[in-house]
$ cat my_file-v7.txt   # compact mmCIF, C-alpha atoms
# COMPACT_ATOMS: atom_id res chain seq x y z
CA THR Y 1 -25.28 6.05 -11.96
CA MET Y 2 -24.72 4.98 -8.36
CA ASP Y 3 -25.19 1.35 -9.37
CA LYS Y 4 -22.45 1.71 -11.99
CA PHE Y 5 -20.07 3.25 -9.45
CA ARG Y 6 -20.91 0.48 -6.99
CA MET Y 7 -20.20 -2.18 -9.62
CA ILE Y 8 -16.87 -0.53 -10.49
CA PHE Y 9 -15.93 -0.32 -6.80
CA GLN Y 10 -16.81 -3.98 -6.22
CA PHE Y 11 -14.78 -4.97 -9.30
CA LEU Y 12 -11.75 -3.05 -8.02
CA GLN Y 13 -12.11 -4.65 -4.59
CA SER Y 14 -12.31 -8.16 -6.06
CA ASN Y 15 -9.30 -7.49 -8.30
CA GLN Y 16 -7.25 -5.44 -5.87
CA GLU Y 17 -3.89 -6.94 -6.85
CA SER Y 18 -4.41 -6.27 -10.55
CA PHE Y 19 -5.69 -2.80 -9.73
CA MET Y 20 -2.61 -1.99 -7.63
CA ASN Y 21 -0.33 -3.29 -10.38
CA GLY Y 22 -2.10 -0.98 -12.81
CA ILE Y 23 -1.74 1.97 -10.44
CA CYS Y 24 1.99 1.28 -10.07
CA GLY Y 25 2.37 1.12 -13.84
CA ILE Y 26 0.55 4.42 -14.24
CA MET Y 27 2.76 6.00 -11.58
CA ALA Y 28 5.85 4.72 -13.39
CA LEU Y 29 4.70 6.29 -16.66
CA ALA Y 30 3.77 9.47 -14.79
CA SER Y 31 7.24 9.68 -13.25
CA ALA Y 32 8.83 9.47 -16.70
CA GLN Y 33 6.47 12.14 -18.03
CA MET Y 34 7.17 14.33 -15.00
CA TYR Y 35 10.89 14.18 -15.65
CA SER Y 36 10.47 15.00 -19.35
CA ALA Y 37 8.31 18.01 -18.42
CA PHE Y 38 10.64 19.10 -15.62
CA ASP Y 39 12.76 22.16 -16.38
CA PHE Y 40 16.21 21.21 -15.12
CA ASN Y 41 18.23 24.34 -14.32
CA CYS Y 42 21.69 23.65 -12.97
CA PRO Y 43 22.91 26.54 -10.78
CA CYS Y 44 26.42 26.25 -12.31
CA LEU Y 45 28.04 27.30 -9.04
CA PRO Y 46 30.70 25.36 -7.12
CA GLY Y 47 29.20 23.73 -4.04
CA TYR Y 48 25.61 24.08 -5.29
CA ASN Y 49 25.69 21.82 -8.34
CA ALA Y 50 26.09 18.61 -6.37
CA ALA Y 51 23.41 19.51 -3.80
CA TYR Y 52 20.89 20.49 -6.51
CA SER Y 53 21.57 17.36 -8.55
CA MET Y 54 21.33 15.00 -5.58
CA GLY Y 55 18.06 16.63 -4.60
CA ILE Y 56 16.63 16.08 -8.09
CA LEU Y 57 17.91 12.50 -8.15
CA LEU Y 58 16.72 11.43 -4.68
CA ALA Y 59 13.84 13.66 -3.50
CA PRO Y 60 11.24 12.80 -6.21
CA PRO Y 61 11.85 9.02 -5.88
CA LEU Y 62 11.26 9.30 -2.14
CA VAL Y 63 8.00 11.18 -2.74
CA LEU Y 64 6.90 8.62 -5.35
CA PHE Y 65 7.74 5.76 -2.98
CA LEU Y 66 5.66 7.28 -0.18
CA LEU Y 67 2.79 7.91 -2.60
CA GLY Y 68 2.97 4.29 -3.68
CA LEU Y 69 2.66 3.18 -0.06
CA VAL Y 70 -0.14 5.63 0.70
CA MET Y 71 -2.20 4.51 -2.30
CA ASN Y 72 -1.90 0.88 -1.19
CA ASN Y 73 -4.85 -0.13 1.00
CA ASN Y 74 -2.75 -2.73 2.78
CA VAL Y 75 -0.67 -0.09 4.60
CA SER Y 76 -3.32 0.42 7.27
CA MET Y 77 -3.80 -3.35 7.53
CA LEU Y 78 -0.06 -3.82 8.08
CA ALA Y 79 0.02 -1.07 10.73
CA GLU Y 80 -2.98 -2.57 12.55
CA GLU Y 81 -1.47 -6.05 12.51
CA TRP Y 82 1.88 -4.72 13.74
CA LYS Y 83 0.49 -2.63 16.62
CA ARG Y 84 -2.40 -4.81 17.76
CA PRO Y 85 -2.18 -6.58 21.14
CA PRO Y 86 -1.34 -10.29 20.79
CA GLY Y 87 -4.43 -11.51 22.65
CA HIS Y 88 -5.27 -15.10 21.71
CA ARG Y 89 -3.44 -14.76 18.39
CA ALA Y 90 0.33 -14.47 18.16
CA LYS Y 91 1.87 -12.13 15.60
CA ASP Y 92 4.10 -13.76 13.01
CA PRO Y 93 7.03 -11.52 11.93
CA ALA Y 94 7.37 -13.50 8.71
CA VAL Y 95 3.83 -12.54 7.67
CA LEU Y 96 4.49 -8.88 8.47
CA ARG Y 97 7.70 -8.98 6.40
CA TYR Y 98 5.85 -10.59 3.49
CA MET Y 99 3.14 -7.92 3.59
CA PHE Y 100 5.67 -5.08 3.72
CA CYS Y 101 7.81 -6.56 0.95
CA SER Y 102 4.76 -7.02 -1.29
CA MET Y 103 3.82 -3.36 -0.84
CA ALA Y 104 7.41 -2.10 -1.16
CA GLN Y 105 7.98 -3.98 -4.43
CA ARG Y 106 5.05 -2.20 -6.06
CA ALA Y 107 5.86 1.18 -4.52
CA LEU Y 108 9.47 1.01 -5.77
CA ILE Y 109 8.52 0.80 -9.46
CA ALA Y 110 7.97 4.54 -9.98
CA PRO Y 111 11.15 5.60 -8.06
CA VAL Y 112 13.25 3.12 -10.03
CA VAL Y 113 11.88 4.53 -13.29
CA TRP Y 114 12.69 8.07 -12.17
CA VAL Y 115 16.29 7.21 -11.23
CA ALA Y 116 16.82 5.25 -14.45
CA VAL Y 117 15.44 8.03 -16.66
CA THR Y 118 17.51 10.63 -14.79
CA LEU Y 119 20.74 8.70 -15.25
CA LEU Y 120 20.04 7.87 -18.90
CA ASP Y 121 19.31 11.52 -19.65
CA GLY Y 122 22.61 12.63 -18.13
CA LYS Y 123 21.76 16.23 -17.18
CA CYS Y 124 21.71 15.55 -13.46
CA PHE Y 125 25.01 13.64 -13.52
CA LEU Y 126 26.59 16.35 -15.67
CA CYS Y 127 25.59 19.03 -13.20
CA ALA Y 128 26.75 17.05 -10.18
CA PHE Y 129 30.18 15.94 -11.40
CA CYS Y 130 31.22 18.63 -13.85
CA THR Y 131 33.87 19.85 -11.41
CA ALA Y 132 35.43 16.37 -11.36
CA VAL Y 133 36.26 16.24 -15.07
CA PRO Y 134 39.92 15.23 -15.64
CA VAL Y 135 41.11 18.40 -17.35
CA THR Y 136 44.66 17.11 -17.74
CA ALA Y 137 43.41 14.16 -19.82
CA LEU Y 138 40.63 15.86 -21.80
CA GLY Y 139 41.80 19.45 -22.08
CA ASN Y 140 44.83 21.69 -22.02
CA GLY Y 141 46.59 20.15 -19.05
CA SER Y 142 49.57 22.45 -19.26
CA LEU Y 143 47.46 25.38 -18.03
CA VAL Y 144 46.03 23.59 -14.99
CA PRO Y 145 49.02 24.08 -12.64
CA GLY Y 146 48.86 27.85 -13.12
CA LEU Y 147 45.17 28.13 -12.14
CA PRO Y 148 44.06 28.49 -8.52
CA ALA Y 149 41.76 25.73 -7.32
CA PRO Y 150 38.75 28.07 -6.76
CA GLU Y 151 39.10 29.52 -10.27
CA LEU Y 152 39.33 26.04 -11.81
CA ALA Y 153 36.23 24.91 -9.90
CA ARG Y 154 34.36 28.04 -11.03
CA LEU Y 155 35.18 27.39 -14.68
CA LEU Y 156 34.25 23.70 -14.56
CA ALA Y 157 31.02 24.39 -12.65
CA ARG Y 158 29.79 26.35 -15.68
CA VAL Y 159 30.12 23.41 -18.09
CA PRO Y 160 26.35 22.54 -17.88
CA CYS Y 161 25.47 26.14 -18.81
CA PRO Y 162 26.51 26.93 -22.42
CA GLU Y 163 25.33 30.55 -22.11
CA ILE Y 164 27.88 31.47 -19.44
CA TYR Y 165 30.67 28.94 -20.00
CA ASP Y 166 33.91 30.75 -20.82
CA GLY Y 167 36.55 28.04 -20.38
CA ASP Y 168 36.94 26.73 -23.93
CA TRP Y 169 40.57 27.80 -23.81
CA LEU Y 170 41.05 25.26 -21.00
CA LEU Y 171 38.56 22.48 -21.87
CA ALA Y 172 36.15 22.18 -24.77
CA ARG Y 173 32.61 22.08 -23.35
CA GLU Y 174 31.39 19.43 -25.82
CA VAL Y 175 34.18 17.09 -24.76
CA ALA Y 176 33.27 17.39 -21.08
CA VAL Y 177 29.53 16.98 -21.78
CA ARG Y 178 30.03 13.84 -23.87
CA TYR Y 179 32.42 12.38 -21.29
CA LEU Y 180 30.03 12.85 -18.35
CA ARG Y 181 26.92 11.78 -20.26
CA CYS Y 182 28.66 8.62 -21.38
CA ILE Y 183 29.41 7.73 -17.76
CA SER Y 184 25.86 8.66 -16.69
CA GLN Y 185 24.26 6.45 -19.34
CA ALA Y 186 26.55 3.57 -18.43
CA LEU Y 187 25.47 3.92 -14.81
CA GLY Y 188 21.84 4.16 -15.90
CA TRP Y 189 21.89 0.93 -17.91
CA SER Y 190 23.81 -0.79 -15.12
CA PHE Y 191 21.14 0.36 -12.66
CA VAL Y 192 18.36 -0.97 -14.90
CA LEU Y 193 20.16 -4.30 -15.28
CA LEU Y 194 20.78 -4.68 -11.54
CA THR Y 195 17.21 -3.79 -10.56
CA THR Y 196 15.84 -6.20 -13.18
CA LEU Y 197 18.04 -9.03 -11.92
CA LEU Y 198 17.13 -8.25 -8.32
CA ALA Y 199 13.41 -8.25 -9.16
CA PHE Y 200 13.83 -11.58 -10.95
CA VAL Y 201 15.61 -13.10 -7.96
CA VAL Y 202 13.05 -11.81 -5.47
CA ARG Y 203 9.96 -12.76 -7.49
CA SER Y 204 11.09 -16.02 -9.05
CA VAL Y 205 14.10 -17.59 -7.38
CA ARG Y 206 13.43 -16.87 -3.69
CA PRO Y 207 10.15 -18.86 -3.43
CA CYS Y 208 11.92 -21.91 -4.85
CA PHE Y 209 14.36 -22.07 -1.92
CA THR Y 210 11.86 -21.19 0.83
CA GLN Y 211 8.68 -22.57 -0.66
CA ALA Y 212 7.08 -23.74 2.62
CA ALA Y 213 7.77 -20.47 4.46
CA PHE Y 214 6.71 -18.49 1.39
CA LEU Y 215 3.38 -20.32 1.10
CA LYS Y 216 2.71 -19.94 4.81
CA SER Y 217 3.40 -16.21 4.79
CA LYS Y 218 1.36 -15.73 1.62
CA TYR Y 219 -1.61 -17.69 3.01
CA TRP Y 220 -1.81 -15.83 6.32
CA SER Y 221 -1.27 -12.50 4.58
CA HIS Y 222 -4.30 -13.21 2.40
CA TYR Y 223 -6.20 -14.43 5.45
CA ILE Y 224 -5.61 -11.17 7.34
CA ASP Y 225 -6.76 -9.18 4.32
CA ILE Y 226 -9.91 -11.26 3.81
CA GLU Y 227 -10.72 -11.31 7.53
CA ARG Y 228 -10.52 -7.54 7.71
CA LYS Y 229 -12.79 -7.12 4.67
CA LEU Y 230 -15.36 -9.59 6.03
CA PHE Y 231 -15.32 -7.89 9.44
CA ASP Y 232 -15.89 -4.50 7.81
CA GLU Y 233 -18.74 -5.92 5.71
CA THR Y 234 -20.34 -7.52 8.79
CA CYS Y 235 -20.04 -4.25 10.74
CA THR Y 236 -21.58 -2.37 7.81
CA GLU Y 237 -24.51 -4.79 7.65
CA HIS Y 238 -24.98 -4.52 11.41
CA ALA Y 239 -24.85 -0.72 11.29
CA LYS Y 240 -27.48 -0.63 8.52
CA ALA Y 241 -29.77 -3.02 10.40
CA PHE Y 242 -29.20 -1.16 13.68
CA ALA Y 243 -30.02 2.19 12.07
CA LYS Y 244 -33.08 0.76 10.33
CA VAL Y 245 -34.50 -0.69 13.54
CA CYS Y 246 -33.76 2.50 15.50
CA ILE Y 247 -35.58 4.63 12.92
CA GLN Y 248 -38.51 2.22 12.78
CA GLN Y 249 -38.83 2.20 16.56
CA PHE Y 250 -38.58 5.99 16.68
CA PHE Y 251 -41.41 6.45 14.15
CA GLU Y 252 -43.57 3.80 15.84
CA ALA Y 253 -42.98 5.35 19.26
CA MET Y 254 -43.94 8.79 17.94
CA ASN Y 255 -47.05 7.31 16.33
CA HIS Y 256 -47.93 5.63 19.62
CA ASP Y 257 -47.53 8.90 21.52
CA LEU Y 258 -49.72 10.73 19.01
CA GLU Y 259 -52.44 8.09 19.30
CA LEU Y 260 -52.38 8.35 23.09
CA GLY Y 261 -52.57 12.13 22.84
CA HIS Y 262 -55.66 12.00 20.63
CA ALA Y 263 -57.34 9.40 22.84
CA HIS Y 264 -56.90 11.14 26.24
CA GLY Y 265 -57.21 14.72 25.07
CA ALA Y 266 -54.87 17.63 25.33
CA LEU Y 267 -54.60 17.45 29.19
CA ALA Y 268 -53.82 13.76 29.35
CA THR Y 269 -50.26 12.96 30.25
CA ALA Y 270 -49.16 9.93 28.39
CA PRO Y 271 -46.57 7.68 30.15
CA ALA Y 272 -43.20 7.11 28.56
CA SER Y 273 -43.74 4.78 25.69
CA LYS Y 274 -41.72 1.68 25.28
CA ALA Y 275 -40.02 0.79 22.03
CA ALA Y 276 -42.41 -0.98 19.75
CA PRO Y 277 -41.45 -4.38 18.43
CA MET Y 278 -40.07 -4.71 14.95
CA PRO Y 279 -42.62 -5.21 12.21
CA PRO Y 280 -43.03 -8.73 10.91
CA ASP Y 281 -41.95 -7.75 7.38
CA GLY Y 282 -38.23 -8.27 7.24
CA GLY Y 283 -38.01 -8.41 11.04
CA GLU Y 284 -36.31 -11.78 11.18
CA GLU Y 285 -33.76 -10.71 8.59
CA GLU Y 286 -32.92 -7.53 10.50
CA ARG Y 287 -32.76 -9.46 13.79
CA GLU Y 288 -30.32 -11.92 12.23
CA LYS Y 289 -28.09 -9.09 11.00
CA LEU Y 290 -28.05 -7.55 14.50
CA ARG Y 291 -26.63 -10.86 15.85
CA GLY Y 292 -27.85 -10.09 19.36
CA ILE Y 293 -25.95 -6.77 19.59
CA THR Y 294 -28.77 -4.30 20.26
CA ASP Y 295 -27.22 -1.41 22.19
CA GLN Y 296 -24.30 1.00 21.87
CA GLY Y 297 -22.40 -0.19 24.93
CA THR Y 298 -22.38 -3.83 23.82
CA MET Y 299 -21.23 -2.84 20.34
CA ASN Y 300 -18.40 -0.74 21.76
CA ARG Y 301 -17.28 -3.64 23.95
CA LEU Y 302 -17.38 -5.95 20.94
CA LEU Y 303 -15.20 -3.62 18.87
CA MET Y 304 -12.75 -3.17 21.74
CA SER Y 305 -12.60 -6.92 22.26
CA TRP Y 306 -11.95 -7.46 18.55
CA HIS Y 307 -9.05 -5.02 18.69
CA LYS Y 308 -7.50 -6.23 21.95
CA CYS Y 309 -8.18 -9.95 21.76
CA LYS Y 310 -8.92 -11.40 18.35
CA PRO Y 311 -10.24 -14.97 18.34
CA PRO Y 312 -7.69 -17.77 18.05
CA LEU Y 313 -7.15 -19.34 14.64
CA ARG Y 314 -8.81 -22.62 15.59
CA LEU Y 315 -12.24 -23.70 14.39
CA GLY Y 316 -14.48 -25.92 16.49
CA ARG Y 317 -13.05 -28.35 19.03
CA GLU Y 318 -9.35 -28.97 19.24
CA GLU Y 319 -8.17 -31.84 17.08
CA PRO Y 320 -5.43 -34.24 18.24
CA LEU Y 321 -2.01 -32.85 17.49
CA LEU Y 322 0.09 -34.45 14.79
CA MET Y 323 3.42 -35.91 15.81
CA GLY Y 324 5.42 -36.59 12.66
CA ASN Y 325 3.24 -38.89 10.55
CA GLY Y 326 1.17 -40.25 13.45
CA TRP Y 327 -1.38 -38.97 15.98
CA ALA Y 328 -0.43 -37.72 19.43
CA GLY Y 329 -3.27 -39.63 21.03
CA GLY Y 330 -2.07 -42.95 19.62
CA GLY Y 331 -4.25 -45.60 18.05
CA PRO Y 332 -6.09 -45.33 14.78
CA ARG Y 333 -6.98 -41.99 13.36
CA PRO Y 334 -10.55 -41.04 14.29
CA LEU Y 335 -13.01 -41.07 11.46
CA ARG Y 336 -14.33 -37.68 10.41
CA LYS Y 337 -17.41 -36.95 8.44
CA GLU Y 338 -16.54 -34.90 5.38
CA VAL Y 339 -19.08 -32.76 3.61
CA ALA Y 340 -18.38 -31.36 0.15
CA THR Y 341 -20.14 -28.17 -0.88
CA TYR Y 342 -20.14 -26.93 -4.44
CA PHE Y 343 -20.68 -23.31 -5.39
CA SER Y 344 -21.42 -21.95 -8.79
CA LYS Y 345 -21.19 -18.37 -9.97
CA VAL Y 346 -24.29 -17.21 -11.78
$ encode --input "my_file-v7.txt" --output "C-alpha cells"
Amino acid sequence: TMDKFRMIFQFLQSNQESFMNGICGIMALASAQMYSAFDFNCPCLPGYNAAYSMGILLAPPLVLFLLGLVMNNNVSMLAEEWKRPPGHRAKDPAVLRYMFCSMAQRALIAPVVWVAVTLLDGKCFLCAFCTAVPVTALGNGSLVPGLPAPELARLLARVPCPEIYDGDWLLAREVAVRYLRCISQALGWSFVLLTTLLAFVVRSVRPCFTQAAFLKSKYWSHYIDIERKLFDETCTEHAKAFAKVCIQQFFEAMNHDLELGHAHGALATAPASKAAPMPPDGGEEEREKLRGITDQGTMNRLLMSWHKCKPPLRLGREEPLLMGNGWAGGGPRPLRKEVATYFSKV
C-alpha cells in the first residue's frame, strides 16, 4: 500500500503542472456546485440588500482565490525567492512576476466561475439593484411623486421577496424581476467574454511580442523549482544516511561497552568508547551520501549558507564574455571538447 502511495506521489510531483490544472478545474466545478447549493436569502430591506449582495458576489471569490494560492506548492517557493538575501545571486523581478502570474492565472479560475454563475443567475443582482428600478418607465409613474422616498425604497426593496411584496399597485413584480435579470445576464455574458479574451491575450499573444523575455523568465522559473526539489531530495538523502550511521554507531558503541563489561567484570570501569567505524557493507554508499557533512554544527552552517548566500549561476571556470558576435578576448574562439550523453528511460 505504501508503495502505491509513493508511486502516486512521485507521479503527481513529476506532473505538477497538469495536477495543478486539474485541481483548478475541480475547484471551478466545486464553486459552481457551491453556488447552486447555496440558499440565497435576500434581506429585502433598504440599505441591507446591496451589502448582502456584494458580500455574496465578492467574498466567496476572494476565499476561492486564496485557496487556489494556498494549494499551489509554488507559493512558498515564490516567498523564499522574494525574501532571500541576494548573496552571490541577484534576484530578477521578471522571474518573480512570471511565477506570481502563473499561480494567479490558475487561482483565478474558480473565482471567475463564481462571479459568472452569480451574474448569469441574476438573484444577486436583483437583490442589489431592486431599489434602482425605473418605476416611471416600468410601472405606474403617476403615483411616484406622491410617495415619500423612504416608502418607495421600502416597497422596491421587497421585489426579490414574493411572499412579502405588496407593491403591485405601483410596479408589477414580474416586470421588475425580468428587467433586472436581463441586465444581470447581459453583464454575466459580457464578463465571460472579457475574461476569455483577456486569458487569450495573456496566454497566447503576449509571448509573441516578448518572446525573449518570456523564455528567460520561464527558464529561470523552472530552474528555481527544480533546484529547490533537488536540494530537498539531497537533504533527505543526507538525513537518512546521517540517521543510519548514527544508529549504527550507537548500537556498535553499546555492544562494545557490553563486551568490555563482561571482560573486566562488574567492578571494571570501562573508558568512554569511541564511535566505531561504519561497517564495510554499504559504508561507501552511506559515506558518499553524507558528502563530508558529519556533525550537526556543520550541517546547520551549510543550511544557513544556502539560505543567505546561494552559489552563483556559473558552472566551472569563467568563459570569455561574448561581445556581440565575437569574443571579448579577441582572436579565434577556443576549442572546447564536447561530450554527448544519452539517457534512456527504462
$ closest_atom_pairs --input "my_file-v7.txt" --of "segment 189-266 of chain Y" --to "segment 85-93 of chain Y" --cutoff "12 Å" --atoms "all atoms listed in the file" --output "CSV"
residue,atom,partner,partner_atom,distance
Y:Ala213,CA,Y:Asp92,CA,11.5
Y:Lys216,CA,Y:Asp92,CA,10.4
Y:Ser217,CA,Y:Asp92,CA,8.6
Y:Lys218,CA,Y:Asp92,CA,11.9
Y:Trp220,CA,Y:Asp92,CA,9.2
Y:Ser221,CA,Y:Asp92,CA,10.1
Y:Ile224,CA,Y:Lys91,CA,11.2
$ write_last_selection --input "my_file-v7.txt" --atoms "C-alpha atoms" --output "short mmCIF file (atom, residue, chain, number, x, y, z; two decimals), keeping the file's coordinate frame"
data_model
loop_
_atom_site.label_atom_id
_atom_site.label_comp_id
_atom_site.auth_asym_id
_atom_site.auth_seq_id
_atom_site.Cartn_x
_atom_site.Cartn_y
_atom_site.Cartn_z
CA ALA Y 213 7.77 -20.47 4.46
CA LYS Y 216 2.71 -19.94 4.81
CA SER Y 217 3.40 -16.21 4.79
CA LYS Y 218 1.36 -15.73 1.62
CA TRP Y 220 -1.81 -15.83 6.32
CA SER Y 221 -1.27 -12.50 4.58
CA ILE Y 224 -5.61 -11.17 7.34
#
$ atom_distance --input "my_file-v7.txt" --atom1 "atom CA of Ile109 of chain Y" --atom2 "atom CA of Asn72 of chain Y"
13.3 Å
$ atom_distance --input "my_file-v7.txt" --atom1 "atom CA of Leu180 of chain Y" --atom2 "atom CA of Val135 of chain Y"
12.4 Å
$ closest_residue --input "my_file-v7.txt" --among "Y:Met103, Y:Asn73, Y:Ile56, Y:Gly47" --to "Lys229 of chain Y" --atoms "all atoms listed in the file"
Y:Asn73
$ atom_distance --input "my_file-v7.txt" --atom1 "atom CA of Met27 of chain Y" --atom2 "atom CA of Ala110 of chain Y"
5.6 Å
$ closest_residue --input "my_file-v7.txt" --among "Y:Leu57, Y:Cys309, Y:His238, Y:Ile247" --to "Glu285 of chain Y" --atoms "all atoms listed in the file"
Y:His238
$ residues_near_point --input "my_file-v7.txt" --point "(28.7, 17.0, -22.8)" --cutoff "10 Å" --atoms "all atoms listed in the file" --output "ChimeraX atom specification"
/Y:122-123,126,130,159-160,172-182
$ closest_residue --input "my_file-v7.txt" --among "Y:Asn74, Y:Gly55, Y:Pro134, Y:Asp166" --to "Glu151 of chain Y" --atoms "all atoms listed in the file"
Y:Asp166
$ closest_residue --input "my_file-v7.txt" --among "Y:Gln105, Y:Cys161, Y:Asp257, Y:Val75" --to "Phe200 of chain Y" --atoms "only C-alpha atoms"
Y:Gln105
$ closest_residue --input "my_file-v7.txt" --among "Y:Asn140, Y:Ser36, Y:Ser76, Y:Thr234" --to "Glu288 of chain Y" --atoms "only C-alpha atoms"
Y:Thr234
